[in-house]
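Structure data follow from entry-v1.cif (mmCIF, C-alpha atoms):
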```cif
data_upload
#
loop_
_atom_site.label_atom_id
_atom_site.label_comp_id
_atom_site.auth_asym_id
_atom_site.auth_seq_id
_atom_site.Cartn_x
_atom_site.Cartn_y
_atom_site.Cartn_z
CA MET Y 1 5.81 26.83 -13.01
CA VAL Y 2 7.44 24.52 -10.48
CA GLU Y 3 5.30 21.57 -9.42
CA LEU Y 4 5.59 21.75 -5.64
CA GLY Y 5 5.37 18.35 -4.01
CA ASP Y 6 6.36 16.57 -7.22
CA TYR Y 7 9.33 15.88 -9.48
CA ASN Y 8 10.66 18.57 -11.82
CA GLU Y 9 13.31 18.71 -14.54
CA LEU Y 10 15.39 21.81 -13.77
CA GLU Y 11 18.66 23.22 -15.08
CA ILE Y 12 21.67 23.87 -12.88
CA ALA Y 13 22.18 27.63 -13.01
CA ARG Y 14 25.22 28.19 -10.79
CA GLU Y 15 27.37 26.68 -8.08
CA VAL Y 16 27.76 27.96 -4.51
CA ASP Y 17 29.74 26.67 -1.53
CA PHE Y 18 26.74 24.83 -0.08
CA GLY Y 19 25.22 23.40 -3.27
CA VAL Y 20 23.86 24.54 -6.61
CA TYR Y 21 20.95 26.70 -7.63
CA LEU Y 22 18.45 25.41 -10.14
CA THR Y 23 16.68 27.86 -12.41
CA SER Y 24 12.88 27.95 -12.58
CA GLU Y 25 10.00 30.33 -13.38
CA ASP Y 26 9.51 30.70 -9.63
CA GLY Y 27 13.07 31.79 -9.04
CA ASP Y 28 16.27 29.90 -8.28
CA ILE Y 29 15.92 26.86 -6.03
CA LEU Y 30 18.70 25.46 -3.86
CA LEU Y 31 19.86 21.88 -4.24
CA PRO Y 32 22.16 21.21 -1.24
CA THR Y 33 25.58 19.71 -1.92
CA LYS Y 34 24.72 16.25 -0.53
CA TYR Y 35 21.91 15.88 -3.08
CA ILE Y 36 23.87 16.86 -6.20
CA PRO Y 37 24.12 13.89 -8.62
CA GLU Y 38 27.68 12.76 -9.27
CA GLY Y 39 29.15 14.47 -12.31
CA ALA Y 40 26.37 17.08 -12.60
CA ARG Y 41 27.53 20.46 -13.94
CA VAL Y 42 26.20 23.94 -14.67
CA GLY Y 43 23.88 23.73 -17.67
CA ASP Y 44 22.78 20.14 -16.97
CA LYS Y 45 19.11 19.37 -16.45
CA ILE Y 46 18.39 17.08 -13.52
CA ARG Y 47 15.27 15.49 -12.01
CA VAL Y 48 14.57 16.65 -8.47
CA PHE Y 49 11.73 16.67 -5.97
CA ILE Y 50 10.63 20.15 -4.79
CA TYR Y 51 9.12 20.98 -1.40
CA ARG Y 52 9.34 23.70 1.26
CA ASP Y 53 11.84 23.52 4.10
CA SER Y 54 11.23 24.55 7.72
CA GLU Y 55 11.92 28.19 6.80
CA ASP Y 56 9.28 28.11 4.05
CA ARG Y 57 11.83 28.19 1.22
CA MET Y 58 11.50 26.03 -1.86
CA ILE Y 59 14.23 23.42 -1.79
CA ALA Y 60 15.24 20.56 -4.07
CA THR Y 61 16.36 17.03 -3.27
CA ASN Y 62 17.22 13.87 -5.17
CA LEU Y 63 15.67 11.78 -2.40
CA GLU Y 64 12.46 10.03 -3.42
CA PRO Y 65 9.53 10.49 -1.00
CA PHE Y 66 7.12 7.62 -0.38
CA ALA Y 67 4.38 9.63 -2.11
CA THR Y 68 3.87 12.87 -4.04
CA VAL Y 69 1.01 15.37 -4.19
CA GLY Y 70 -2.16 13.71 -5.44
CA GLN Y 71 -1.26 10.26 -4.13
CA PHE Y 72 -2.43 8.06 -1.26
CA ALA Y 73 0.15 6.47 1.03
CA CYS Y 74 0.37 4.72 4.38
CA LEU Y 75 2.96 6.50 6.51
CA THR Y 76 4.27 6.21 10.08
CA CYS Y 77 3.66 8.95 12.63
CA THR Y 78 6.91 10.33 14.07
CA ASP Y 79 5.68 13.20 16.25
CA VAL Y 80 2.49 14.74 17.62
CA THR Y 81 2.07 18.46 18.43
CA PRO Y 82 -0.88 20.63 19.50
CA PHE Y 83 -1.38 21.77 15.87
CA GLY Y 84 -0.93 18.44 14.10
CA ALA Y 85 1.03 15.24 13.61
CA PHE Y 86 4.11 14.55 11.51
CA LEU Y 87 4.61 11.52 9.27
CA ASP Y 88 7.78 10.03 7.83
CA TRP Y 89 7.52 10.33 4.04
CA GLY Y 90 11.14 9.61 3.19
CA LEU Y 91 12.54 13.15 3.34
CA GLU Y 92 14.53 14.97 6.02
CA LYS Y 93 11.53 17.14 6.83
CA ASP Y 94 8.47 15.14 7.95
CA LEU Y 95 5.01 15.62 6.45
CA LEU Y 96 2.42 17.59 8.43
CA VAL Y 97 -1.11 16.33 9.03
CA PRO Y 98 -2.95 19.32 10.55
CA LEU Y 99 -5.14 18.52 13.53
CA ASN Y 100 -8.36 19.18 11.62
CA ASN Y 101 -7.18 16.80 8.86
CA GLN Y 102 -7.05 13.81 11.21
CA LYS Y 103 -9.94 11.37 11.09
CA ASP Y 104 -8.72 9.92 14.40
CA LYS Y 105 -6.13 11.52 16.64
CA MET Y 106 -2.77 10.22 15.50
CA GLN Y 107 -0.27 8.45 17.74
CA VAL Y 108 3.51 8.19 17.42
CA GLY Y 109 4.65 4.87 15.96
CA LYS Y 110 1.36 4.02 14.27
CA LYS Y 111 0.84 3.91 10.51
CA TYR Y 112 -1.96 5.86 8.80
CA CYS Y 113 -3.34 5.96 5.29
CA VAL Y 114 -3.34 9.56 4.06
CA TYR Y 115 -3.77 11.66 0.93
CA LEU Y 116 -1.17 14.31 0.02
CA TYR Y 117 -2.22 17.67 -1.38
CA LEU Y 118 -0.94 21.23 -1.75
CA ASP Y 119 -2.56 23.50 0.82
CA GLU Y 120 -3.57 26.71 -0.94
CA ALA Y 121 -3.31 28.90 2.17
CA SER Y 122 0.25 27.93 3.13
CA ASP Y 123 1.50 26.68 -0.28
CA ARG Y 124 2.90 23.66 1.56
CA VAL Y 125 2.48 19.95 1.01
CA VAL Y 126 0.26 18.52 3.75
CA ALA Y 127 -1.69 15.31 4.27
CA THR Y 128 -5.10 14.25 5.49
CA SER Y 129 -6.49 10.98 6.80
CA LYS Y 130 -10.02 12.10 5.85
CA LEU Y 131 -9.98 10.37 2.49
CA GLY Y 132 -13.61 10.58 1.33
CA LYS Y 133 -13.43 13.74 -0.78
CA TYR Y 134 -10.39 12.42 -2.67
CA LEU Y 135 -12.01 9.13 -3.70
CA HIS Y 136 -14.18 8.98 -6.82
CA ASN Y 137 -16.56 6.06 -6.31
CA GLU Y 138 -19.44 8.18 -7.55
CA HIS Y 139 -17.88 8.17 -11.05
CA ILE Y 140 -16.32 4.76 -11.54
CA GLU Y 141 -14.37 4.23 -14.75
CA LEU Y 142 -13.52 0.58 -14.29
CA THR Y 143 -14.78 -2.67 -15.79
CA GLU Y 144 -15.27 -6.04 -14.13
CA GLY Y 145 -12.24 -8.25 -14.70
CA GLU Y 146 -9.90 -5.28 -15.20
CA GLU Y 147 -6.41 -5.53 -13.70
CA VAL Y 148 -5.79 -2.79 -11.13
CA GLN Y 149 -3.25 -1.66 -8.57
CA LEU Y 150 -4.27 -1.93 -4.92
CA LEU Y 151 -3.02 -0.15 -1.81
CA VAL Y 152 -3.96 -1.76 1.52
CA ALA Y 153 -5.69 1.06 3.40
CA GLY Y 154 -7.41 -0.54 6.39
CA TYR Y 155 -9.31 -3.47 7.83
CA THR Y 156 -12.93 -4.26 8.66
CA ASP Y 157 -14.82 -7.32 9.91
CA LEU Y 158 -15.57 -8.15 6.26
CA GLY Y 159 -12.02 -7.91 4.99
CA ILE Y 160 -9.41 -5.48 3.73
CA LYS Y 161 -10.11 -1.96 2.47
CA VAL Y 162 -8.01 -1.10 -0.57
CA ILE Y 163 -7.49 2.00 -2.67
CA ILE Y 164 -7.80 1.10 -6.34
CA ASN Y 165 -5.61 2.86 -8.92
CA ASN Y 166 -5.12 5.79 -6.53
CA ALA Y 167 -8.75 6.79 -7.14
CA TYR Y 168 -11.39 4.45 -5.69
CA MET Y 169 -12.10 2.57 -2.47
CA GLY Y 170 -12.74 -1.16 -2.72
CA MET Y 171 -12.99 -4.30 -0.60
CA LEU Y 172 -11.04 -7.55 -0.58
CA TYR Y 173 -13.17 -10.07 1.30
CA ARG Y 174 -11.40 -11.87 4.11
CA ASN Y 175 -12.33 -15.39 2.99
CA GLU Y 176 -10.75 -14.75 -0.43
CA VAL Y 177 -7.35 -13.51 0.77
CA PHE Y 178 -4.76 -16.24 1.09
CA GLN Y 179 -1.69 -14.12 1.77
CA ASP Y 180 -0.47 -11.76 4.45
CA LEU Y 181 -1.32 -8.18 3.49
CA ARG Y 182 -0.26 -5.34 5.76
CA LEU Y 183 -1.25 -1.70 5.88
CA GLY Y 184 0.55 0.12 3.08
CA ASP Y 185 1.29 -2.96 0.99
CA SER Y 186 0.78 -2.62 -2.75
CA THR Y 187 -0.34 -5.49 -4.94
CA THR Y 188 -2.07 -6.32 -8.21
CA GLY Y 189 -5.75 -7.19 -8.14
CA TYR Y 190 -8.79 -7.50 -10.37
CA ILE Y 191 -12.24 -5.92 -10.32
CA LYS Y 192 -14.69 -8.61 -9.25
CA HIS Y 193 -17.96 -6.70 -9.03
CA ILE Y 194 -19.12 -3.06 -9.17
CA ARG Y 195 -22.27 -2.73 -7.07
CA HIS Y 196 -25.30 -0.51 -7.71
CA ASP Y 197 -24.33 1.58 -4.65
CA ASN Y 198 -20.87 2.20 -6.22
CA LYS Y 199 -19.06 -0.12 -3.83
CA ILE Y 200 -16.35 -2.15 -5.53
CA ASP Y 201 -15.43 -5.76 -4.78
CA VAL Y 202 -11.92 -6.79 -5.80
CA THR Y 203 -10.07 -10.07 -5.89
CA LEU Y 204 -6.43 -11.12 -6.04
CA ARG Y 205 -7.24 -14.01 -8.35
CA LYS Y 206 -7.03 -13.41 -12.08
CA PRO Y 207 -10.40 -13.87 -13.79
CA GLY Y 208 -10.73 -17.32 -15.30
CA ALA Y 209 -8.56 -18.98 -12.65
CA THR Y 210 -10.00 -22.45 -12.28
CA GLN Y 211 -11.06 -24.34 -9.18
CA LYS Y 212 -8.34 -26.83 -10.06
CA MET Y 213 -5.67 -24.12 -9.93
CA GLU Y 214 -6.95 -22.95 -6.56
CA SER Y 215 -6.80 -26.50 -5.18
CA GLU Y 216 -3.29 -27.01 -6.54
CA GLU Y 217 -2.08 -23.79 -4.90
CA ALA Y 218 -3.69 -24.83 -1.60
CA SER Y 219 -2.13 -28.30 -1.85
CA ASP Y 220 1.32 -26.80 -2.44
CA LYS Y 221 0.87 -24.54 0.57
CA LEU Y 222 -0.19 -27.43 2.82
CA LEU Y 223 2.77 -29.56 1.75
CA ARG Y 224 5.17 -26.68 2.37
CA LEU Y 225 3.77 -26.03 5.85
CA LEU Y 226 3.87 -29.74 6.72
CA LYS Y 227 7.50 -30.02 5.60
CA GLU Y 228 8.54 -26.79 7.34
CA GLY Y 229 6.81 -27.84 10.55
CA ARG Y 230 6.76 -31.12 12.43
CA GLY Y 231 5.09 -33.06 9.66
CA TRP Y 232 1.57 -32.44 10.91
CA LEU Y 233 -1.07 -29.75 11.28
CA PRO Y 234 -3.85 -29.70 13.91
CA LEU Y 235 -6.58 -29.41 11.28
CA SER Y 236 -8.96 -31.91 9.71
CA ASP Y 237 -12.41 -32.31 8.14
CA ASN Y 238 -13.81 -31.64 11.60
CA SER Y 239 -12.08 -28.26 12.03
CA SER Y 240 -14.17 -25.11 11.97
CA PRO Y 241 -13.97 -22.76 8.97
CA GLU Y 242 -12.65 -20.05 11.34
CA ASP Y 243 -9.76 -22.23 12.58
CA ILE Y 244 -8.83 -23.22 9.03
CA TYR Y 245 -8.88 -19.65 7.79
CA GLN Y 246 -6.93 -18.33 10.78
CA THR Y 247 -4.20 -20.96 10.32
CA LEU Y 248 -4.02 -21.25 6.55
CA GLY Y 249 -5.82 -18.24 5.08
CA MET Y 250 -8.12 -20.42 2.97
CA SER Y 251 -11.75 -21.46 3.05
CA LYS Y 252 -12.81 -24.85 4.46
CA LYS Y 253 -14.07 -25.84 1.02
CA THR Y 254 -10.65 -25.21 -0.54
CA PHE Y 255 -8.94 -26.96 2.39
CA LYS Y 256 -11.06 -30.09 1.98
CA ARG Y 257 -10.38 -30.25 -1.76
CA ALA Y 258 -6.66 -29.87 -1.12
CA ILE Y 259 -6.34 -32.55 1.58
CA GLY Y 260 -8.53 -34.87 -0.50
CA GLY Y 261 -6.11 -34.58 -3.38
CA LEU Y 262 -3.06 -35.06 -1.16
CA TYR Y 263 -4.66 -38.10 0.47
CA LYS Y 264 -5.45 -39.72 -2.88
CA ALA Y 265 -1.86 -39.08 -3.95
CA GLY Y 266 -0.65 -40.95 -0.87
CA LEU Y 267 1.16 -37.94 0.56
CA ILE Y 268 -0.74 -37.47 3.82
CA THR Y 269 -2.86 -39.30 6.36
CA ILE Y 270 -5.99 -37.77 7.86
CA THR Y 271 -7.11 -38.31 11.45
CA GLU Y 272 -10.05 -36.88 13.39
CA ASP Y 273 -8.05 -33.87 14.50
CA SER Y 274 -5.01 -33.56 12.23
CA ILE Y 275 -3.34 -34.17 8.90
CA ARG Y 276 0.08 -35.78 8.82
CA LEU Y 277 2.79 -36.07 6.21
CA LYS Y 278 3.46 -39.67 5.25
CA GLN Y 279 7.01 -40.76 5.92
CA GLU Y 280 8.93 -41.76 2.82
#
```
Do you think you could lay out the structure here as structure tokens?
Amino acid sequence: MVELGDYNELEIAREVDFGVYLTSEDGDILLPTKYIPEGARVGDKIRVFIYRDSEDRMIATNLEPFATVGQFACLTCTDVTPFGAFLDWGLEKDLLVPLNNQKDKMQVGKKYCVYLYLDEASDRVVATSKLGKYLHNEHIELTEGEEVQLLVAGYTDLGIKVIINNAYMGMLYRNEVFQDLRLGDSTTGYIKHIRHDNKIDVTLRKPGATQKMESEEASDKLLRLLKEGRGWLPLSDNSSPEDIYQTLGMSKKTFKRAIGGLYKAGLITITEDSIRLKQE
């Protein structure tokens, strides 16, 4: 059976003026001329993605969508209609999010985290922004310290919501994130703590990373920003933790360790309201 909304290995059965037909247990499927791999011939097996076109026919493409059935992805809304919204998922035909599948009413130009599935009634690939039923935090098969893949799925006052290994929801706490992460970004992380209520805390720092390493990374960042800027930053021991985090993405404790090390090394001077790069 053809896996609709996923990749399939199918054999080229015959050529026609507008493409080739691929043979499958569900009947022959058209691969339009513009998607035929160079040098492909009748009898060759090729890897294609299968979905339904606007006329409800199965069609093949060698384009790679941003996500397949069973995956989470953050996609941009391209159109809104009375029956649903459409998202760009990397194919010519946009992905439908039916109105009743929208957690919040979608708006053109905005990006949303969705889950892709095959709708049994229409036999079409659709998406939903109501993610709860597709997450499995009630049966967590992870261990603390385990390396995992993270998808940035949203933001809260506490930090960044991430989908872990395409299966669980977790949290990256704001005061532990020292890099710019945007909705839809993918990155490697580590399980920090699995709570009794099945909430998962994750971190970007590999377990066993020392305080010294953290200070060295912060020192390197400060030096780079000082050199790229005007040789000074409007931050000091007297700055609030909020100002330090907003400017540098690090805690005040880490900041103080870093500037202390740079000061002892004779690389900066510290005033009441700034740090300055020493002139060579």
Item to check | Picked residues, the PyMOL selection byres ((chain Y and resi 15) around 12), expected as a list in words | outcome: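 Selected by the PyMOL selection byres ((chain Y and resi 15) around 12) here: Glu11, Ile12, Ala13, Arg14, Val16, Asp17, Phe18, Gly19, Val20, Tyr21, Leu22, Thr23, Asp28, Ile29, Leu30, Leu31, Pro32, Thr33, Ile36, Ala40, Arg41, Val42, Gly43 and Asp44 of chain Y.
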Checklist entry - Where does the PyMOL selection byres ((chain Y and resi 156) around 12) land in this file, that is, which residues does it pick, as a list in words? => result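 For this structure, the PyMOL selection byres ((chain Y and resi 156) around 12) resolves to Val152, Ala153, Gly154, Tyr155, Asp157, Leu158, Gly159, Ile160, Lys161, Val162, Gly170, Met171, Leu172, Tyr173 and Arg174 of chain Y.
Taking all atoms listed in the file into account, those protein, DNA and RNA residues with any atom at most 6 Å away from (-8.4, 11.0, 6.0) amount to Lys103, Val114, Thr128, Ser129, Lys130 and Leu131 of chain Y.
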Next on the checklist: Between atom CA of Gln149 of chain Y and atom CA of Met106 of chain Y, what is the distance in Å, rounded to a tenth?
Outcome noted: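 Straight-line distance from atom CA of Gln149 of chain Y to atom CA of Met106 of chain Y works out to 26.8 Å.
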Next on the checklist: For the provided coordinates, the residues matched by the PyMOL selection byres ((chain Y and resi 135) around 7) should be stated as a list in words.
Outcome noted: Leu131, Gly132, Lys133, Tyr134, His136, Asn137, Ala167, Tyr168 and Met169 of chain Y
Checklist entry - atom CA of Asn198 of chain Y to atom CA of Val148 of chain Y: how many Å, to one decimal? => result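 According to the coordinates, atom CA of Asn198 of chain Y and atom CA of Val148 of chain Y are separated by 16.6 Å.
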Item to check | Y:Tyr51, Y:Trp232, Y:Phe255, Y:Tyr7 ranked by distance to Arg124 of chain Y, top pick (using all atoms listed in the file) | outcome: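 Answer, going by the shortest atom-to-atom distance: Y:Tyr51.
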Checklist entry - Can you list, as JSON, numbers by chain, every protein, DNA or RNA residue that comes within 10 Å of Leu235 of chain Y when you count all atoms listed in the file, leaving out same-chain residues fewer than 6 positions away? => result {"Y": [243, 244, 247, 248, 255, 270, 271, 272, 273, 274, 275, 276]}
Next on the checklist: Just to confirm, what's the straight-line distance from atom CA of Met58 of chain Y to atom CA of Asn100 of chain Y in Å (one decimal)?
Outcome noted: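 Separation between atom CA of Met58 of chain Y and atom CA of Asn100 of chain Y: 25.0 Å.
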Next on the checklist: Under the rule that all atoms listed in the file are counted, which of Y:Thr269, Y:Asn166, Y:Gln279, Y:Ser215 is the nearest residue to Asp237 of chain Y?
Outcome noted: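 For Asp237 of chain Y, the nearest of the given residues is Y:Thr269.
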Please write out, as lines of an AutoDock Vina configuration file, where the centre of an axis-aligned box around all listed atoms of segment 30-49 of chain Y lies and how long its edges are, in Å to one decimal, after adding 8 Å on each side.
```
center_x = 20.4
center_y = 19.1
center_z = -9.1
size_x = 33.4
size_y = 28.7
size_z = 33.1
```
Checklist entry - Residues at most 10 Å from segment 217-228 of chain Y, counting all atoms listed in the file, excluding those fewer than 5 positions away in the same chain, as a list in words? => result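 Here the answer would be Phe178, Gln211, Lys212, Leu233, Leu248, Gly249, Met250, Ser251, Thr254, Phe255, Lys256, Arg257, Ala258, Ile259, Gly260, Gly261, Leu262, Leu267, Ile268, Ile275, Arg276 and Leu277 of chain Y.
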Item to check | Surrounding residues of Tyr190 of chain Y excluding itself and chain neighbours under 6 positions, 8 Å, all atoms listed in the file, as a list in words | outcome: Glu144, Gly145, Glu146, Glu147, Val148, Val202, Thr203, Leu204, Arg205, Lys206 and Pro207 of chain Y
Checklist entry - Pick the closest to Leu151 of chain Y from Y:Lys264, Y:Ala73, Y:Phe49, Y:Pro98: which is it, counting all atoms listed in the file? => result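 Closest candidate: Y:Ala73.
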Checklist entry - When distances are computed from all atoms listed in the file, which of Y:Lys111, Y:Thr188, Y:Val126, Y:Asn175 shows the smallest separation from Leu150 of chain Y? => result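 Checking each candidate against Leu150 of chain Y, we get Y:Thr188 as the closest.
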Next on the checklist: Taking 5 positions as the minimum chain separation for residues in the same chain, which residues sit within 8 Å of Thr78 of chain Y when counting all atoms listed in the file? Answer as a ChimeraX atom specification.
Outcome noted: /Y:85-88,94,108-109
